[in-house]
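Note: the block below is start.cif and it holds mmCIF, C-alpha atoms.
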data_protein
#
loop_
_atom_site.group_PDB
_atom_site.id
_atom_site.type_symbol
_atom_site.label_atom_id
_atom_site.label_comp_id
_atom_site.auth_asym_id
_atom_site.auth_seq_id
_atom_site.Cartn_x
_atom_site.Cartn_y
_atom_site.Cartn_z
ATOM 1 C CA MET F 1 -3.599 -31.328 -36.416
ATOM 2 C CA SER F 2 -1.858 -31.859 -33.127
ATOM 3 C CA PRO F 3 -3.848 -32.561 -29.955
ATOM 4 C CA GLY F 4 -4.678 -29.532 -27.849
ATOM 5 C CA LYS F 5 -6.547 -26.274 -28.104
ATOM 6 C CA HIS F 6 -6.954 -24.811 -31.610
ATOM 7 C CA THR F 7 -8.936 -22.073 -33.292
ATOM 8 C CA LEU F 8 -10.825 -23.062 -36.452
ATOM 9 C CA GLU F 9 -12.192 -20.438 -38.816
ATOM 10 C CA PHE F 10 -14.219 -20.859 -41.992
ATOM 11 C CA ASP F 11 -14.779 -17.799 -44.148
ATOM 12 C CA PHE F 12 -17.156 -17.938 -47.105
ATOM 13 C CA LYS F 13 -17.252 -15.147 -49.667
ATOM 14 C CA TYR F 14 -20.365 -15.142 -51.835
ATOM 15 C CA ASP F 15 -20.032 -13.886 -55.418
ATOM 16 C CA GLY F 16 -23.684 -12.925 -55.952
ATOM 17 C CA LEU F 17 -25.740 -9.889 -55.007
ATOM 18 C CA GLY F 18 -27.915 -11.832 -52.561
ATOM 19 C CA MET F 19 -31.634 -12.038 -51.901
ATOM 20 C CA GLY F 20 -32.092 -8.284 -52.317
ATOM 21 C CA THR F 21 -32.557 -8.890 -56.037
ATOM 22 C CA LEU F 22 -35.860 -10.656 -55.296
ATOM 23 C CA ALA F 23 -37.418 -7.269 -54.458
ATOM 24 C CA PHE F 24 -36.999 -6.497 -58.165
ATOM 25 C CA ASN F 25 -38.494 -9.836 -59.255
ATOM 26 C CA ASN F 26 -34.973 -10.850 -60.280
ATOM 27 C CA LEU F 27 -33.349 -14.167 -59.332
ATOM 28 C CA SER F 28 -29.842 -13.125 -60.420
ATOM 29 C CA GLY F 29 -28.556 -12.643 -56.869
ATOM 30 C CA ILE F 30 -29.213 -16.143 -55.536
ATOM 31 C CA GLY F 31 -27.577 -19.534 -56.098
ATOM 32 C CA ARG F 32 -24.309 -17.991 -57.329
ATOM 33 C CA SER F 33 -20.763 -19.134 -56.770
ATOM 34 C CA GLY F 34 -18.481 -18.427 -53.853
ATOM 35 C CA SER F 35 -15.292 -19.567 -52.200
ATOM 36 C CA GLY F 36 -14.490 -20.872 -48.754
ATOM 37 C CA VAL F 37 -11.267 -20.737 -46.772
ATOM 38 C CA LEU F 38 -10.560 -22.956 -43.762
ATOM 39 C CA LYS F 39 -7.966 -21.739 -41.265
ATOM 40 C CA VAL F 40 -6.461 -23.483 -38.246
ATOM 41 C CA ASP F 41 -4.840 -21.171 -35.721
ATOM 42 C CA GLY F 42 -4.833 -18.387 -38.319
ATOM 43 C CA ASN F 43 -3.101 -20.455 -41.016
ATOM 44 C CA GLU F 44 -4.957 -21.357 -44.206
ATOM 45 C CA VAL F 45 -5.209 -25.140 -44.574
ATOM 46 C CA ALA F 46 -7.809 -25.417 -47.347
ATOM 47 C CA ARG F 47 -9.496 -23.278 -49.974
ATOM 48 C CA GLN F 48 -12.438 -24.387 -52.097
ATOM 49 C CA SER F 49 -14.352 -22.675 -54.879
ATOM 50 C CA MET F 50 -18.022 -23.571 -55.146
ATOM 51 C CA GLU F 51 -19.690 -23.241 -58.530
ATOM 52 C CA ARG F 52 -23.173 -22.773 -57.026
ATOM 53 C CA THR F 53 -24.802 -22.258 -53.674
ATOM 54 C CA LEU F 54 -28.265 -23.062 -52.392
ATOM 55 C CA PRO F 55 -30.607 -20.427 -53.787
ATOM 56 C CA LEU F 56 -33.045 -20.344 -50.860
ATOM 57 C CA VAL F 57 -33.623 -21.649 -47.349
ATOM 58 C CA LEU F 58 -32.861 -25.282 -46.514
ATOM 59 C CA GLN F 59 -35.514 -27.838 -45.673
ATOM 60 C CA TRP F 60 -36.783 -27.645 -42.093
ATOM 61 C CA ASP F 61 -35.147 -30.985 -41.268
ATOM 62 C CA GLU F 62 -31.690 -29.871 -42.439
ATOM 63 C CA ASN F 63 -30.010 -28.066 -39.609
ATOM 64 C CA PHE F 64 -26.859 -26.598 -38.183
ATOM 65 C CA ASP F 65 -25.750 -29.261 -35.747
ATOM 66 C CA ILE F 66 -22.821 -28.720 -33.416
ATOM 67 C CA GLY F 67 -20.656 -31.800 -32.859
ATOM 68 C CA ALA F 68 -22.583 -34.170 -35.130
ATOM 69 C CA ASP F 69 -24.326 -33.968 -38.476
ATOM 70 C CA THR F 70 -27.722 -35.653 -38.367
ATOM 71 C CA GLY F 71 -28.928 -34.338 -41.734
ATOM 72 C CA THR F 72 -28.259 -35.388 -45.304
ATOM 73 C CA PRO F 73 -24.605 -36.220 -46.101
ATOM 74 C CA VAL F 74 -22.856 -33.759 -48.404
ATOM 75 C CA SER F 75 -21.135 -36.560 -50.350
ATOM 76 C CA ASP F 76 -21.159 -40.345 -50.708
ATOM 77 C CA ASP F 77 -17.991 -40.773 -48.616
ATOM 78 C CA TYR F 78 -19.380 -38.811 -45.644
ATOM 79 C CA GLN F 79 -21.533 -40.902 -43.340
ATOM 80 C CA VAL F 80 -23.767 -39.179 -40.794
ATOM 81 C CA PRO F 81 -23.757 -38.526 -37.903
ATOM 82 C CA PHE F 82 -19.895 -38.309 -38.051
ATOM 83 C CA ARG F 83 -19.666 -37.247 -34.415
ATOM 84 C CA PHE F 84 -16.978 -34.848 -33.210
ATOM 85 C CA THR F 85 -15.298 -36.385 -30.179
ATOM 86 C CA GLY F 86 -13.314 -33.352 -29.024
ATOM 87 C CA LYS F 87 -14.426 -30.448 -26.877
ATOM 88 C CA LEU F 88 -15.798 -27.183 -28.252
ATOM 89 C CA ASN F 89 -15.063 -24.272 -25.924
ATOM 90 C CA LYS F 90 -16.682 -21.564 -28.007
ATOM 91 C CA LEU F 91 -18.593 -21.155 -31.253
ATOM 92 C CA THR F 92 -19.030 -17.796 -32.946
ATOM 93 C CA LEU F 93 -21.128 -17.209 -36.059
ATOM 94 C CA LYS F 94 -20.918 -14.023 -38.060
ATOM 95 C CA ILE F 95 -23.264 -13.699 -41.004
ATOM 96 C CA ASP F 96 -22.589 -10.970 -43.541
ATOM 97 C CA ARG F 97 -25.356 -10.985 -46.096
ATOM 98 C CA PRO F 98 -24.642 -9.256 -49.397
ATOM 99 C CA GLN F 99 -25.970 -5.696 -49.531
ATOM 100 C CA LEU F 100 -27.109 -4.043 -52.742
ATOM 101 C CA THR F 101 -25.247 -0.869 -53.606
ATOM 102 C CA SER F 102 -27.071 2.103 -55.136
ATOM 103 C CA ALA F 103 -25.466 1.131 -58.480
ATOM 104 C CA ASP F 104 -26.828 -2.442 -58.113
ATOM 105 C CA ILE F 105 -30.305 -1.081 -57.379
ATOM 106 C CA GLU F 106 -30.211 1.175 -60.413
ATOM 107 C CA LYS F 107 -29.166 -1.737 -62.678
ATOM 108 C CA LEU F 108 -31.977 -3.891 -61.290
ATOM 109 C CA LYS F 109 -34.523 -1.100 -61.800
ATOM 110 C CA GLN F 110 -33.303 -0.641 -65.377
ATOM 111 C CA ALA F 111 -33.562 -4.381 -66.035
ATOM 112 C CA THR F 112 -37.136 -4.322 -64.689
ATOM 113 C CA ARG F 113 -38.019 -1.394 -66.972
ATOM 114 C CA ASN F 114 -36.438 -3.181 -69.967
ATOM 115 C CA ASN F 115 -38.359 -6.377 -69.212
ATOM 116 C CA ARG F 116 -41.658 -4.500 -68.988
ATOM 117 C CA ALA F 117 -40.969 -2.670 -72.279
ATOM 118 C CA ALA F 118 -40.242 -6.002 -73.991
ATOM 119 C CA GLU F 119 -43.599 -7.467 -72.935
#
Let me see the structure of the file written as C-alpha cells.
Amino acid sequence: MSPGKHTLEFDFKYDGLGMGTLAFNNLSGIGRSGSGVLKVDGNEVARQSMERTLPLVLQWDENFDIGADTGTPVSDDYQVPFRFTGKLNKLTLKIDRPQLTSADIEKLKQATRNNRAAE
C-alpha cells in the first residue's frame, strides 16, 4: 500500500443463525463458519473463509485494541503487540448480528418438540 490516507474495510459474513438458537436450548447457531473480505479504498485485497468461529464471548483479558494487539497472538508468526505506527483518523464499527426468521424459529421449535418426544 502506498503512503498516504486510505480507507480500510473488513466485512465478515457469518454462516450460522447466531445466538438466538440458545433460546431453544439449541447450540446450532454458534461457532459456525463465515468469510471475511478485506478492502483497501474500496478494492478487495484479500478474502478468507473461516471453518469455525468462536462460539461465545472471549475471555475478559482478550480485547479489541486499536493500534496494537496486547492479547494472545492469532498464529505463531504474529508477535504481539505488533504496534501500528501510522495514524488512525476514524474507526467505525458496525455489528450486524444474525436474526432468526419466523421459518428459523419454527424449525427450532419443531426440533425441540422432536427432542422431547424422543426422551
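If you apply the PyMOL selection byres ((chain F and resi 65-73) around 9) to this structure, you end up with F:Asp61, F:Glu62, F:Asn63, F:Phe64, F:Val74, F:Ser75, F:Asp76, F:Asp77, F:Tyr78, F:Gln79, F:Val80, F:Pro81, F:Phe82, F:Arg83, F:Phe84, F:Thr85, F:Gly86, F:Lys87, F:Leu88, F:Leu91.
A straight line drawn from CA of Glu9 in chain F to CA of Arg32 in chain F is 22.3 Å long.
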- Message: Given the PyMOL selection byres ((chain F and resi 12-14) around 12) and the file above, list the residues it selects as a VMD selection string.
- Response: chain F and resid 9 to 11 15 to 19 29 to 39 46 to 55 93 to 99
Could you save the residues just selected, with C-alpha atoms, as a compact mmCIF listing (two decimals), in the coordinates of the input?
# COMPACT_ATOMS: atom_id res chain seq x y z
CA GLU F 9 -12.19 -20.44 -38.82
CA PHE F 10 -14.22 -20.86 -41.99
CA ASP F 11 -14.78 -17.80 -44.15
CA ASP F 15 -20.03 -13.89 -55.42
CA GLY F 16 -23.68 -12.92 -55.95
CA LEU F 17 -25.74 -9.89 -55.01
CA GLY F 18 -27.92 -11.83 -52.56
CA MET F 19 -31.63 -12.04 -51.90
CA GLY F 29 -28.56 -12.64 -56.87
CA ILE F 30 -29.21 -16.14 -55.54
CA GLY F 31 -27.58 -19.53 -56.10
CA ARG F 32 -24.31 -17.99 -57.33
CA SER F 33 -20.76 -19.13 -56.77
CA GLY F 34 -18.48 -18.43 -53.85
CA SER F 35 -15.29 -19.57 -52.20
CA GLY F 36 -14.49 -20.87 -48.75
CA VAL F 37 -11.27 -20.74 -46.77
CA LEU F 38 -10.56 -22.96 -43.76
CA LYS F 39 -7.97 -21.74 -41.26
CA ALA F 46 -7.81 -25.42 -47.35
CA ARG F 47 -9.50 -23.28 -49.97
CA GLN F 48 -12.44 -24.39 -52.10
CA SER F 49 -14.35 -22.68 -54.88
CA MET F 50 -18.02 -23.57 -55.15
CA GLU F 51 -19.69 -23.24 -58.53
CA ARG F 52 -23.17 -22.77 -57.03
CA THR F 53 -24.80 -22.26 -53.67
CA LEU F 54 -28.26 -23.06 -52.39
CA PRO F 55 -30.61 -20.43 -53.79
CA LEU F 93 -21.13 -17.21 -36.06
CA LYS F 94 -20.92 -14.02 -38.06
CA ILE F 95 -23.26 -13.70 -41.00
CA ASP F 96 -22.59 -10.97 -43.54
CA ARG F 97 -25.36 -10.98 -46.10
CA PRO F 98 -24.64 -9.26 -49.40
CA GLN F 99 -25.97 -5.70 -49.53
- Tell me, in Å to one decimal, how far CA of Gly4 in chain F is from CA of Gly42 in chain F. 15.3 Å
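CA of Ala118 in chain F sits 18.3 Å away from CA of Glu106 in chain F.
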- Task: Select all residues near (-28.5, -4.8, -56.0) (cut-off 6 Å, inclusive, file coordinates), counting all atoms listed in the file, and output them as a PyMOL selection string.
- Result: chain F and resi 17+21+100-101+104-105
Please write the residues picked by the PyMOL selection byres ((chain F and resi 1) around 12) on this file as a PDB file with C-alpha atoms, in the coordinates of the input.
ATOM      1  CA  SER F   2      -1.858 -31.859 -33.127  1.00  0.00           C
ATOM      2  CA  PRO F   3      -3.848 -32.561 -29.955  1.00  0.00           C
ATOM      3  CA  GLY F   4      -4.678 -29.532 -27.849  1.00  0.00           C
ATOM      4  CA  LYS F   5      -6.547 -26.274 -28.104  1.00  0.00           C
ATOM      5  CA  HIS F   6      -6.954 -24.811 -31.610  1.00  0.00           C
ATOM      6  CA  THR F   7      -8.936 -22.073 -33.292  1.00  0.00           C
ATOM      7  CA  LEU F   8     -10.825 -23.062 -36.452  1.00  0.00           C
ATOM      8  CA  LYS F  39      -7.966 -21.739 -41.265  1.00  0.00           C
ATOM      9  CA  VAL F  40      -6.461 -23.483 -38.246  1.00  0.00           C
ATOM     10  CA  ASP F  41      -4.840 -21.171 -35.721  1.00  0.00           C
ATOM     11  CA  ASN F  43      -3.101 -20.455 -41.016  1.00  0.00           C
ATOM     12  CA  VAL F  45      -5.209 -25.140 -44.574  1.00  0.00           C
TER      13      VAL F  45
END
